[in-house]
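Coordinates as given in structure12.cif (mmCIF, N, CA and C atoms):
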data_coords
#
loop_
_atom_site.label_atom_id
_atom_site.label_comp_id
_atom_site.auth_asym_id
_atom_site.auth_seq_id
_atom_site.Cartn_x
_atom_site.Cartn_y
_atom_site.Cartn_z
N MET W 695 9.60 -4.73 17.06
CA MET W 695 8.43 -5.55 17.30
C MET W 695 8.53 -6.12 18.71
N ALA W 696 7.52 -5.95 19.48
CA ALA W 696 7.50 -6.44 20.85
C ALA W 696 7.43 -7.97 20.85
N VAL W 697 8.03 -8.57 21.82
CA VAL W 697 8.03 -10.02 21.91
C VAL W 697 6.60 -10.56 21.98
N ALA W 698 5.71 -9.86 22.66
CA ALA W 698 4.32 -10.31 22.77
C ALA W 698 3.65 -10.41 21.40
N GLN W 699 4.06 -9.59 20.45
CA GLN W 699 3.47 -9.62 19.12
C GLN W 699 3.87 -10.87 18.35
N GLN W 700 4.99 -11.50 18.70
CA GLN W 700 5.42 -12.70 17.97
C GLN W 700 4.35 -13.78 18.00
N ILE W 701 3.64 -13.88 19.09
CA ILE W 701 2.60 -14.90 19.22
C ILE W 701 1.56 -14.73 18.11
N ASP W 702 1.30 -13.51 17.73
CA ASP W 702 0.28 -13.21 16.73
C ASP W 702 0.83 -13.04 15.32
N TYR W 703 2.11 -13.33 15.11
CA TYR W 703 2.68 -13.13 13.78
C TYR W 703 2.25 -14.24 12.84
N ASN W 704 1.84 -13.87 11.64
CA ASN W 704 1.38 -14.83 10.64
C ASN W 704 2.59 -15.55 10.04
N MET W 705 2.67 -16.83 10.30
CA MET W 705 3.81 -17.61 9.82
C MET W 705 3.35 -18.71 8.86
N GLN W 706 2.52 -18.36 7.90
CA GLN W 706 2.13 -19.31 6.86
C GLN W 706 3.38 -19.91 6.26
N GLY W 707 3.45 -21.21 6.13
CA GLY W 707 4.61 -21.85 5.53
C GLY W 707 5.88 -21.66 6.34
N LYS W 708 5.77 -21.32 7.61
CA LYS W 708 6.89 -21.14 8.54
C LYS W 708 7.72 -19.89 8.26
N TYR W 709 7.30 -19.06 7.32
CA TYR W 709 8.02 -17.83 6.99
C TYR W 709 7.05 -16.66 6.92
N ALA W 710 7.55 -15.48 7.25
CA ALA W 710 6.76 -14.26 7.08
C ALA W 710 6.38 -14.14 5.61
N ALA W 711 5.22 -13.57 5.35
CA ALA W 711 4.71 -13.35 3.99
C ALA W 711 4.69 -14.64 3.17
N ASP W 712 4.45 -15.74 3.85
CA ASP W 712 4.36 -17.06 3.21
C ASP W 712 5.62 -17.37 2.39
N GLY W 713 6.76 -16.86 2.84
CA GLY W 713 8.02 -17.13 2.18
C GLY W 713 8.35 -16.20 1.03
N TYR W 714 7.54 -15.17 0.84
CA TYR W 714 7.83 -14.18 -0.21
C TYR W 714 8.85 -13.17 0.32
N ASP W 715 9.60 -12.59 -0.60
CA ASP W 715 10.66 -11.64 -0.29
C ASP W 715 10.05 -10.29 0.09
N VAL W 716 10.13 -9.92 1.37
CA VAL W 716 9.50 -8.68 1.84
C VAL W 716 10.20 -7.45 1.29
N VAL W 717 11.45 -7.54 0.90
CA VAL W 717 12.16 -6.40 0.30
C VAL W 717 11.69 -6.19 -1.14
N ALA W 718 11.47 -7.25 -1.87
CA ALA W 718 11.03 -7.15 -3.27
C ALA W 718 9.71 -6.41 -3.41
N TYR W 719 8.84 -6.51 -2.42
CA TYR W 719 7.56 -5.79 -2.48
C TYR W 719 7.78 -4.29 -2.70
N PHE W 720 8.86 -3.76 -2.16
CA PHE W 720 9.13 -2.33 -2.26
C PHE W 720 9.61 -1.93 -3.65
N SER W 721 9.79 -2.92 -4.52
CA SER W 721 10.05 -2.68 -5.95
C SER W 721 8.80 -3.03 -6.75
N ASP W 722 7.66 -3.10 -6.04
CA ASP W 722 6.35 -3.40 -6.63
C ASP W 722 6.30 -4.79 -7.28
N THR W 723 6.96 -5.75 -6.61
CA THR W 723 7.02 -7.11 -7.13
C THR W 723 6.81 -8.11 -6.00
N ALA W 724 5.94 -9.08 -6.24
CA ALA W 724 5.77 -10.19 -5.29
C ALA W 724 6.59 -11.36 -5.81
N VAL W 725 7.68 -11.66 -5.09
CA VAL W 725 8.62 -12.69 -5.52
C VAL W 725 8.81 -13.70 -4.39
N LYS W 726 8.69 -14.96 -4.72
CA LYS W 726 8.94 -16.01 -3.74
C LYS W 726 10.41 -15.99 -3.34
N GLY W 727 10.67 -16.06 -2.05
CA GLY W 727 12.04 -16.10 -1.57
C GLY W 727 12.66 -17.47 -1.78
N SER W 728 13.96 -17.53 -1.68
CA SER W 728 14.72 -18.75 -1.90
C SER W 728 15.21 -19.31 -0.57
N SER W 729 15.31 -20.63 -0.48
CA SER W 729 15.86 -21.26 0.72
C SER W 729 17.35 -20.96 0.87
N LYS W 730 17.98 -20.43 -0.18
CA LYS W 730 19.39 -20.05 -0.13
C LYS W 730 19.60 -18.75 0.63
N PHE W 731 18.55 -17.94 0.72
CA PHE W 731 18.68 -16.61 1.34
C PHE W 731 17.62 -16.45 2.43
N THR W 732 17.95 -16.91 3.62
CA THR W 732 17.01 -16.84 4.74
C THR W 732 17.64 -16.05 5.88
N HIS W 733 16.77 -15.53 6.72
CA HIS W 733 17.24 -14.78 7.88
C HIS W 733 16.14 -14.81 8.93
N THR W 734 16.54 -14.89 10.19
CA THR W 734 15.59 -14.82 11.29
C THR W 734 15.83 -13.52 12.03
N TYR W 735 14.76 -12.76 12.17
CA TYR W 735 14.83 -11.49 12.90
C TYR W 735 13.75 -11.49 13.95
N ASP W 736 14.11 -11.26 15.19
CA ASP W 736 13.17 -11.19 16.31
C ASP W 736 12.27 -12.43 16.37
N GLY W 737 12.85 -13.58 16.05
CA GLY W 737 12.11 -14.83 16.12
C GLY W 737 11.25 -15.13 14.90
N ILE W 738 11.27 -14.27 13.90
CA ILE W 738 10.46 -14.45 12.69
C ILE W 738 11.38 -14.82 11.54
N ASN W 739 11.01 -15.87 10.79
CA ASN W 739 11.81 -16.33 9.65
C ASN W 739 11.40 -15.61 8.37
N TYR W 740 12.40 -15.23 7.58
CA TYR W 740 12.18 -14.54 6.31
C TYR W 740 12.98 -15.24 5.22
N ARG W 741 12.47 -15.17 3.99
CA ARG W 741 13.18 -15.64 2.80
C ARG W 741 13.33 -14.47 1.84
N PHE W 742 14.39 -14.53 1.04
CA PHE W 742 14.68 -13.45 0.09
C PHE W 742 15.04 -14.06 -1.26
N ALA W 743 14.80 -13.31 -2.30
CA ALA W 743 15.07 -13.79 -3.66
C ALA W 743 16.55 -13.78 -3.99
N ASN W 744 17.31 -12.92 -3.31
CA ASN W 744 18.73 -12.79 -3.62
C ASN W 744 19.48 -12.21 -2.43
N ALA W 745 20.81 -12.24 -2.52
CA ALA W 745 21.66 -11.75 -1.44
C ALA W 745 21.50 -10.25 -1.23
N GLU W 746 21.29 -9.51 -2.31
CA GLU W 746 21.11 -8.06 -2.19
C GLU W 746 19.91 -7.72 -1.31
N ASN W 747 18.79 -8.39 -1.53
CA ASN W 747 17.60 -8.12 -0.72
C ASN W 747 17.79 -8.57 0.72
N LEU W 748 18.45 -9.69 0.91
CA LEU W 748 18.76 -10.16 2.26
C LEU W 748 19.59 -9.10 3.00
N ASN W 749 20.59 -8.56 2.35
CA ASN W 749 21.45 -7.56 2.98
C ASN W 749 20.69 -6.26 3.26
N LYS W 750 19.79 -5.86 2.38
CA LYS W 750 18.97 -4.68 2.63
C LYS W 750 18.13 -4.89 3.88
N PHE W 751 17.55 -6.07 4.00
CA PHE W 751 16.74 -6.37 5.17
C PHE W 751 17.58 -6.32 6.44
N LYS W 752 18.75 -6.92 6.40
CA LYS W 752 19.62 -6.95 7.57
C LYS W 752 20.02 -5.54 8.02
N GLU W 753 20.16 -4.62 7.07
CA GLU W 753 20.52 -3.24 7.38
C GLU W 753 19.42 -2.49 8.13
N ASN W 754 18.15 -2.82 7.82
CA ASN W 754 17.03 -2.10 8.43
C ASN W 754 15.78 -2.98 8.41
N PRO W 755 15.72 -4.04 9.20
CA PRO W 755 14.62 -5.00 9.12
C PRO W 755 13.23 -4.40 9.35
N THR W 756 13.11 -3.48 10.28
CA THR W 756 11.77 -2.94 10.58
C THR W 756 11.18 -2.15 9.41
N ALA W 757 12.02 -1.70 8.50
CA ALA W 757 11.52 -0.96 7.33
C ALA W 757 10.76 -1.87 6.37
N TYR W 758 11.02 -3.17 6.42
CA TYR W 758 10.45 -4.10 5.45
C TYR W 758 9.41 -5.05 6.03
N MET W 759 9.29 -5.09 7.34
CA MET W 759 8.37 -6.04 7.96
C MET W 759 6.92 -5.69 7.63
N PRO W 760 6.10 -6.70 7.31
CA PRO W 760 4.68 -6.44 7.03
C PRO W 760 3.96 -5.89 8.25
N GLN W 761 3.01 -5.01 8.00
CA GLN W 761 2.20 -4.45 9.07
C GLN W 761 1.25 -5.51 9.64
N TYR W 762 0.84 -5.30 10.87
CA TYR W 762 -0.14 -6.16 11.57
C TYR W 762 0.33 -7.61 11.62
N GLY W 763 1.63 -7.79 11.80
CA GLY W 763 2.15 -9.14 11.94
C GLY W 763 2.04 -9.98 10.69
N GLY W 764 1.78 -9.35 9.55
CA GLY W 764 1.65 -10.08 8.30
C GLY W 764 0.26 -10.63 8.05
N TRP W 765 -0.69 -10.26 8.89
CA TRP W 765 -2.09 -10.67 8.68
C TRP W 765 -2.75 -9.71 7.70
N CYS W 766 -3.90 -10.07 7.17
CA CYS W 766 -4.63 -9.26 6.20
C CYS W 766 -4.96 -7.89 6.79
N ALA W 767 -4.49 -6.84 6.12
CA ALA W 767 -4.71 -5.47 6.60
C ALA W 767 -6.19 -5.10 6.57
N TYR W 768 -6.91 -5.54 5.55
CA TYR W 768 -8.34 -5.23 5.47
C TYR W 768 -9.09 -5.85 6.66
N ALA W 769 -8.85 -7.11 6.93
CA ALA W 769 -9.55 -7.79 8.02
C ALA W 769 -9.21 -7.16 9.37
N MET W 770 -7.97 -6.72 9.52
CA MET W 770 -7.57 -6.07 10.77
C MET W 770 -8.33 -4.76 10.94
N GLY W 771 -8.51 -4.01 9.85
CA GLY W 771 -9.22 -2.73 9.91
C GLY W 771 -10.72 -2.87 9.98
N ALA W 772 -11.28 -3.78 9.21
CA ALA W 772 -12.73 -3.91 9.12
C ALA W 772 -13.32 -4.72 10.27
N TYR W 773 -12.59 -5.74 10.74
CA TYR W 773 -13.15 -6.67 11.72
C TYR W 773 -12.29 -6.88 12.96
N ALA W 774 -11.13 -6.24 13.02
CA ALA W 774 -10.17 -6.47 14.12
C ALA W 774 -9.91 -7.96 14.26
N ASP W 775 -9.60 -8.61 13.12
CA ASP W 775 -9.44 -10.05 13.10
C ASP W 775 -8.20 -10.42 12.30
N LYS W 776 -7.61 -11.55 12.66
CA LYS W 776 -6.46 -12.08 11.94
C LYS W 776 -6.96 -13.01 10.85
N VAL W 777 -6.61 -12.70 9.61
CA VAL W 777 -7.01 -13.51 8.46
C VAL W 777 -5.76 -13.77 7.63
N GLU W 778 -5.62 -15.00 7.13
CA GLU W 778 -4.49 -15.38 6.29
C GLU W 778 -4.43 -14.46 5.06
N ILE W 779 -3.31 -14.47 4.38
CA ILE W 779 -3.10 -13.58 3.24
C ILE W 779 -2.77 -14.39 1.99
N ASN W 780 -2.87 -13.73 0.86
CA ASN W 780 -2.32 -14.20 -0.39
C ASN W 780 -1.09 -13.32 -0.62
N PRO W 781 0.11 -13.86 -0.56
CA PRO W 781 1.30 -13.02 -0.61
C PRO W 781 1.48 -12.25 -1.92
N LYS W 782 0.69 -12.57 -2.93
CA LYS W 782 0.77 -11.83 -4.19
C LYS W 782 -0.10 -10.58 -4.18
N THR W 783 -0.89 -10.41 -3.11
CA THR W 783 -1.80 -9.27 -3.01
C THR W 783 -1.29 -8.36 -1.90
N PHE W 784 -0.78 -7.20 -2.30
CA PHE W 784 -0.12 -6.31 -1.36
C PHE W 784 -0.25 -4.85 -1.79
N GLU W 785 0.09 -3.98 -0.85
CA GLU W 785 0.17 -2.56 -1.14
C GLU W 785 1.29 -1.98 -0.30
N ILE W 786 2.03 -1.05 -0.91
CA ILE W 786 2.99 -0.24 -0.17
C ILE W 786 2.31 1.11 0.02
N ARG W 787 2.09 1.49 1.27
CA ARG W 787 1.42 2.75 1.60
C ARG W 787 2.27 3.46 2.65
N ASP W 788 2.62 4.68 2.35
CA ASP W 788 3.43 5.48 3.27
C ASP W 788 4.70 4.74 3.69
N GLY W 789 5.30 4.01 2.74
CA GLY W 789 6.55 3.32 3.02
C GLY W 789 6.44 2.07 3.86
N LYS W 790 5.21 1.53 3.98
CA LYS W 790 4.99 0.32 4.77
C LYS W 790 4.29 -0.73 3.93
N LEU W 791 4.54 -2.00 4.25
CA LEU W 791 4.00 -3.14 3.52
C LEU W 791 2.71 -3.64 4.17
N TYR W 792 1.66 -3.72 3.35
CA TYR W 792 0.37 -4.26 3.79
C TYR W 792 0.03 -5.45 2.91
N LEU W 793 -0.37 -6.55 3.53
CA LEU W 793 -0.72 -7.78 2.82
C LEU W 793 -2.22 -8.02 2.95
N PHE W 794 -2.79 -8.78 1.97
CA PHE W 794 -4.24 -8.94 1.90
C PHE W 794 -4.63 -10.37 1.53
N TYR W 795 -5.84 -10.73 1.94
CA TYR W 795 -6.48 -11.99 1.56
C TYR W 795 -7.01 -11.82 0.14
N ASN W 796 -6.85 -12.85 -0.68
CA ASN W 796 -7.38 -12.80 -2.04
C ASN W 796 -7.63 -14.23 -2.51
N ALA W 797 -8.88 -14.68 -2.38
CA ALA W 797 -9.27 -16.02 -2.81
C ALA W 797 -10.79 -16.10 -2.84
N TYR W 798 -11.29 -17.09 -3.55
CA TYR W 798 -12.73 -17.34 -3.60
C TYR W 798 -13.53 -16.08 -3.94
N PHE W 799 -13.14 -15.39 -4.99
CA PHE W 799 -13.83 -14.21 -5.50
C PHE W 799 -13.81 -13.02 -4.54
N THR W 800 -12.94 -13.05 -3.55
CA THR W 800 -12.82 -11.93 -2.61
C THR W 800 -11.39 -11.42 -2.61
N ASN W 801 -11.21 -10.21 -3.10
CA ASN W 801 -9.91 -9.56 -3.07
C ASN W 801 -10.03 -8.41 -2.07
N THR W 802 -9.45 -8.59 -0.89
CA THR W 802 -9.62 -7.57 0.15
C THR W 802 -8.79 -6.32 -0.12
N LEU W 803 -7.80 -6.38 -1.01
CA LEU W 803 -7.11 -5.15 -1.41
C LEU W 803 -8.09 -4.23 -2.14
N ASP W 804 -8.91 -4.80 -3.01
CA ASP W 804 -9.94 -4.01 -3.69
C ASP W 804 -10.90 -3.38 -2.68
N LYS W 805 -11.33 -4.17 -1.70
CA LYS W 805 -12.24 -3.65 -0.66
C LYS W 805 -11.56 -2.55 0.15
N TRP W 806 -10.30 -2.76 0.49
CA TRP W 806 -9.49 -1.78 1.23
C TRP W 806 -9.50 -0.44 0.52
N LEU W 807 -9.29 -0.48 -0.78
CA LEU W 807 -9.24 0.75 -1.57
C LEU W 807 -10.64 1.36 -1.76
N GLU W 808 -11.64 0.52 -2.02
CA GLU W 808 -13.01 0.99 -2.24
C GLU W 808 -13.64 1.58 -0.98
N GLU W 809 -13.36 0.98 0.16
CA GLU W 809 -14.01 1.39 1.40
C GLU W 809 -13.25 2.47 2.17
N GLY W 810 -12.10 2.86 1.66
CA GLY W 810 -11.34 3.93 2.30
C GLY W 810 -10.14 3.41 3.05
N ALA W 811 -9.04 3.29 2.35
CA ALA W 811 -7.83 2.70 2.93
C ALA W 811 -7.34 3.46 4.16
N GLU W 812 -7.36 4.77 4.13
CA GLU W 812 -6.83 5.54 5.27
C GLU W 812 -7.66 5.30 6.53
N ASP W 813 -8.99 5.27 6.39
CA ASP W 813 -9.85 5.00 7.54
C ASP W 813 -9.64 3.58 8.05
N LEU W 814 -9.57 2.62 7.13
CA LEU W 814 -9.34 1.24 7.54
C LEU W 814 -7.96 1.06 8.17
N LYS W 815 -6.97 1.78 7.66
CA LYS W 815 -5.62 1.72 8.22
C LYS W 815 -5.63 2.25 9.66
N THR W 816 -6.33 3.34 9.90
CA THR W 816 -6.43 3.90 11.25
C THR W 816 -7.08 2.89 12.20
N LYS W 817 -8.16 2.26 11.74
CA LYS W 817 -8.84 1.24 12.56
C LYS W 817 -7.93 0.03 12.79
N ALA W 818 -7.22 -0.38 11.75
CA ALA W 818 -6.32 -1.53 11.88
C ALA W 818 -5.18 -1.23 12.85
N ASP W 819 -4.64 -0.01 12.78
CA ASP W 819 -3.58 0.38 13.72
C ASP W 819 -4.07 0.26 15.16
N LYS W 820 -5.26 0.76 15.42
CA LYS W 820 -5.83 0.71 16.77
C LYS W 820 -6.09 -0.73 17.19
N SER W 821 -6.62 -1.53 16.28
CA SER W 821 -6.89 -2.93 16.61
C SER W 821 -5.61 -3.67 16.94
N TRP W 822 -4.58 -3.48 16.12
CA TRP W 822 -3.32 -4.20 16.32
C TRP W 822 -2.67 -3.83 17.65
N GLU W 823 -2.83 -2.59 18.06
CA GLU W 823 -2.24 -2.13 19.33
C GLU W 823 -3.10 -2.48 20.54
N SER W 824 -4.30 -2.98 20.32
CA SER W 824 -5.20 -3.30 21.43
C SER W 824 -4.71 -4.52 22.21
N GLU W 825 -5.27 -4.70 23.37
CA GLU W 825 -4.93 -5.83 24.23
C GLU W 825 -5.26 -7.17 23.57
N LYS W 826 -6.19 -7.17 22.62
CA LYS W 826 -6.59 -8.41 21.95
C LYS W 826 -5.40 -9.11 21.31
N PHE W 827 -4.43 -8.35 20.82
CA PHE W 827 -3.29 -8.93 20.11
C PHE W 827 -1.98 -8.86 20.89
N LYS W 828 -2.06 -8.62 22.18
CA LYS W 828 -0.85 -8.58 23.02
C LYS W 828 -0.60 -9.93 23.64
#
What would you get if you wrote out this structure as structure tokens?
Amino acid sequence: MAVAQQIDYNMQGKYAADGYDVVAYFSDTAVKGSSKFTHTYDGINYRFANAENLNKFKENPTAYMPQYGGWCAYAMGAYADKVEINPKTFEIRDGKLYLFYNAYFTNTLDKWLEEGAEDLKTKADKSWESEKFK
């Protein structure tokens, strides 16, 4: 992750993924991390549910980091905008973690899937790499 991207990283609650364990998502589980298992990587704070997940992250941090700085993947693809997330709403696609906004009768994961996740992912990739987020 480039240092310039840190400015745009979503740090809800002072931790990536609002303090949820980014490794646990890859077991299809949204689990709140513990203050007992924390780690800072590239200036970003992470929490983990257990020592095993913390160690997995330390072995290969970039494999577990949320896409688009942890901002809502749908909003990045549809609007090229940074929107907060609900850490319980996520998708693992092609081995990468995508987080989504889900509140007030709007679940953007549902929209992501309904409107074409691959197309939105392509747009989100381009938006995230644009000068707007550097």
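One distance worth recording is that between CA of Ser729 in chain W and CA of Phe742 in chain W, which is 7.9 Å.
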Contacts between range 716-724 of chain W and range 743-819 of chain W, please, where a residue of range 743-819 of chain W counts if it comes within 7 Å (with only C-alpha atoms); show its shortest atom pair and distance in Å to one decimal, rows by chain and ascending number, as JSON lines.
{"residue": "W:Asn747", "atom": "CA", "partner": "W:Val717", "partner_atom": "CA", "distance": 5.8}
{"residue": "W:Phe751", "atom": "CA", "partner": "W:Val717", "partner_atom": "CA", "distance": 6.7}
{"residue": "W:Tyr758", "atom": "CA", "partner": "W:Val717", "partner_atom": "CA", "distance": 5.9}
{"residue": "W:Met759", "atom": "CA", "partner": "W:Val716", "partner_atom": "CA", "distance": 6.8}
{"residue": "W:Lys782", "atom": "CA", "partner": "W:Ala724", "partner_atom": "CA", "distance": 5.4}
{"residue": "W:Ile786", "atom": "CA", "partner": "W:Phe720", "partner_atom": "CA", "distance": 6.8}
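Within the file as shown, the PyMOL selection byres (((chain W and resi 769-779 and name CA) around 6) and name CA) identifies Trp765, Cys766, Ala767, Tyr768, Asn780, Pro781, Phe794, Tyr795, Leu814, Lys815, Lys817, Ala818 and Ser821 of chain W.
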Limited to N, CA and C atoms, could you put the picked residues into a file as a tab-separated table (two decimals), in the frame of the given file?
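Full text of selection-v1.tsv as output:
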chain	number	residue	atom	x	y	z
W	765	TRP	N	-0.69	-10.26	8.89
W	765	TRP	CA	-2.09	-10.67	8.68
W	765	TRP	C	-2.75	-9.71	7.70
W	766	CYS	N	-3.90	-10.07	7.17
W	766	CYS	CA	-4.63	-9.26	6.20
W	766	CYS	C	-4.96	-7.89	6.79
W	767	ALA	N	-4.49	-6.84	6.12
W	767	ALA	CA	-4.71	-5.47	6.60
W	767	ALA	C	-6.19	-5.10	6.57
W	768	TYR	N	-6.91	-5.54	5.55
W	768	TYR	CA	-8.34	-5.23	5.47
W	768	TYR	C	-9.09	-5.85	6.66
W	780	ASN	N	-2.87	-13.73	0.86
W	780	ASN	CA	-2.32	-14.20	-0.39
W	780	ASN	C	-1.09	-13.32	-0.62
W	781	PRO	N	0.11	-13.86	-0.56
W	781	PRO	CA	1.30	-13.02	-0.61
W	781	PRO	C	1.48	-12.25	-1.92
W	794	PHE	N	-2.79	-8.78	1.97
W	794	PHE	CA	-4.24	-8.94	1.90
W	794	PHE	C	-4.63	-10.37	1.53
W	795	TYR	N	-5.84	-10.73	1.94
W	795	TYR	CA	-6.48	-11.99	1.56
W	795	TYR	C	-7.01	-11.82	0.14
W	814	LEU	N	-9.57	2.62	7.13
W	814	LEU	CA	-9.34	1.24	7.54
W	814	LEU	C	-7.96	1.06	8.17
W	815	LYS	N	-6.97	1.78	7.66
W	815	LYS	CA	-5.62	1.72	8.22
W	815	LYS	C	-5.63	2.25	9.66
W	817	LYS	N	-8.16	2.26	11.74
W	817	LYS	CA	-8.84	1.24	12.56
W	817	LYS	C	-7.93	0.03	12.79
W	818	ALA	N	-7.22	-0.38	11.75
W	818	ALA	CA	-6.32	-1.53	11.88
W	818	ALA	C	-5.18	-1.23	12.85
W	821	SER	N	-6.62	-1.53	16.28
W	821	SER	CA	-6.89	-2.93	16.61
W	821	SER	C	-5.61	-3.67	16.94
| request: Please report, as a VMD selection string, each residue of chain W to which DSSP assigns strand (DSSP E) when run on this structure's backbone. | output: chain W and resid 728 to 735 738 to 742 780 to 787 790 to 794 796 to 797 800 to 801
Could you write those residues out with N, CA and C atoms, as an mmCIF file, keeping the file's coordinate frame?
data_model
loop_
_atom_site.group_PDB
_atom_site.id
_atom_site.type_symbol
_atom_site.label_atom_id
_atom_site.label_comp_id
_atom_site.auth_asym_id
_atom_site.auth_seq_id
_atom_site.Cartn_x
_atom_site.Cartn_y
_atom_site.Cartn_z
ATOM 1 N N SER W 728 13.960 -17.530 -1.680
ATOM 2 C CA SER W 728 14.720 -18.750 -1.900
ATOM 3 C C SER W 728 15.210 -19.310 -0.570
ATOM 4 N N SER W 729 15.310 -20.630 -0.480
ATOM 5 C CA SER W 729 15.860 -21.260 0.720
ATOM 6 C C SER W 729 17.350 -20.960 0.870
ATOM 7 N N LYS W 730 17.980 -20.430 -0.180
ATOM 8 C CA LYS W 730 19.390 -20.050 -0.130
ATOM 9 C C LYS W 730 19.600 -18.750 0.630
ATOM 10 N N PHE W 731 18.550 -17.940 0.720
ATOM 11 C CA PHE W 731 18.680 -16.610 1.340
ATOM 12 C C PHE W 731 17.620 -16.450 2.430
ATOM 13 N N THR W 732 17.950 -16.910 3.620
ATOM 14 C CA THR W 732 17.010 -16.840 4.740
ATOM 15 C C THR W 732 17.640 -16.050 5.880
ATOM 16 N N HIS W 733 16.770 -15.530 6.720
ATOM 17 C CA HIS W 733 17.240 -14.780 7.880
ATOM 18 C C HIS W 733 16.140 -14.810 8.930
ATOM 19 N N THR W 734 16.540 -14.890 10.190
ATOM 20 C CA THR W 734 15.590 -14.820 11.290
ATOM 21 C C THR W 734 15.830 -13.520 12.030
ATOM 22 N N TYR W 735 14.760 -12.760 12.170
ATOM 23 C CA TYR W 735 14.830 -11.490 12.900
ATOM 24 C C TYR W 735 13.750 -11.490 13.950
ATOM 25 N N ILE W 738 11.270 -14.270 13.900
ATOM 26 C CA ILE W 738 10.460 -14.450 12.690
ATOM 27 C C ILE W 738 11.380 -14.820 11.540
ATOM 28 N N ASN W 739 11.010 -15.870 10.790
ATOM 29 C CA ASN W 739 11.810 -16.330 9.650
ATOM 30 C C ASN W 739 11.400 -15.610 8.370
ATOM 31 N N TYR W 740 12.400 -15.230 7.580
ATOM 32 C CA TYR W 740 12.180 -14.540 6.310
ATOM 33 C C TYR W 740 12.980 -15.240 5.220
ATOM 34 N N ARG W 741 12.470 -15.170 3.990
ATOM 35 C CA ARG W 741 13.180 -15.640 2.800
ATOM 36 C C ARG W 741 13.330 -14.470 1.840
ATOM 37 N N PHE W 742 14.390 -14.530 1.040
ATOM 38 C CA PHE W 742 14.680 -13.450 0.090
ATOM 39 C C PHE W 742 15.040 -14.060 -1.260
ATOM 40 N N ASN W 780 -2.870 -13.730 0.860
ATOM 41 C CA ASN W 780 -2.320 -14.200 -0.390
ATOM 42 C C ASN W 780 -1.090 -13.320 -0.620
ATOM 43 N N PRO W 781 0.110 -13.860 -0.560
ATOM 44 C CA PRO W 781 1.300 -13.020 -0.610
ATOM 45 C C PRO W 781 1.480 -12.250 -1.920
ATOM 46 N N LYS W 782 0.690 -12.570 -2.930
ATOM 47 C CA LYS W 782 0.770 -11.830 -4.190
ATOM 48 C C LYS W 782 -0.100 -10.580 -4.180
ATOM 49 N N THR W 783 -0.890 -10.410 -3.110
ATOM 50 C CA THR W 783 -1.800 -9.270 -3.010
ATOM 51 C C THR W 783 -1.290 -8.360 -1.900
ATOM 52 N N PHE W 784 -0.780 -7.200 -2.300
ATOM 53 C CA PHE W 784 -0.120 -6.310 -1.360
ATOM 54 C C PHE W 784 -0.250 -4.850 -1.790
ATOM 55 N N GLU W 785 0.090 -3.980 -0.850
ATOM 56 C CA GLU W 785 0.170 -2.560 -1.140
ATOM 57 C C GLU W 785 1.290 -1.980 -0.300
ATOM 58 N N ILE W 786 2.030 -1.050 -0.910
ATOM 59 C CA ILE W 786 2.990 -0.240 -0.170
ATOM 60 C C ILE W 786 2.310 1.110 0.020
ATOM 61 N N ARG W 787 2.090 1.490 1.270
ATOM 62 C CA ARG W 787 1.420 2.750 1.600
ATOM 63 C C ARG W 787 2.270 3.460 2.650
ATOM 64 N N LYS W 790 5.210 1.530 3.980
ATOM 65 C CA LYS W 790 4.990 0.320 4.770
ATOM 66 C C LYS W 790 4.290 -0.730 3.930
ATOM 67 N N LEU W 791 4.540 -2.000 4.250
ATOM 68 C CA LEU W 791 4.000 -3.140 3.520
ATOM 69 C C LEU W 791 2.710 -3.640 4.170
ATOM 70 N N TYR W 792 1.660 -3.720 3.350
ATOM 71 C CA TYR W 792 0.370 -4.260 3.790
ATOM 72 C C TYR W 792 0.030 -5.450 2.910
ATOM 73 N N LEU W 793 -0.370 -6.550 3.530
ATOM 74 C CA LEU W 793 -0.720 -7.780 2.820
ATOM 75 C C LEU W 793 -2.220 -8.020 2.950
ATOM 76 N N PHE W 794 -2.790 -8.780 1.970
ATOM 77 C CA PHE W 794 -4.240 -8.940 1.900
ATOM 78 C C PHE W 794 -4.630 -10.370 1.530
ATOM 79 N N ASN W 796 -6.850 -12.850 -0.680
ATOM 80 C CA ASN W 796 -7.380 -12.800 -2.040
ATOM 81 C C ASN W 796 -7.630 -14.230 -2.510
ATOM 82 N N ALA W 797 -8.880 -14.680 -2.380
ATOM 83 C CA ALA W 797 -9.270 -16.020 -2.810
ATOM 84 C C ALA W 797 -10.790 -16.100 -2.840
ATOM 85 N N THR W 800 -12.940 -13.050 -3.550
ATOM 86 C CA THR W 800 -12.820 -11.930 -2.610
ATOM 87 C C THR W 800 -11.390 -11.420 -2.610
ATOM 88 N N ASN W 801 -11.210 -10.210 -3.100
ATOM 89 C CA ASN W 801 -9.910 -9.560 -3.070
ATOM 90 C C ASN W 801 -10.030 -8.410 -2.070
#
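For the atom pair formed by CA of Asn704 in chain W and CA of Pro760 in chain W, the distance is 9.7 Å, given to one decimal.
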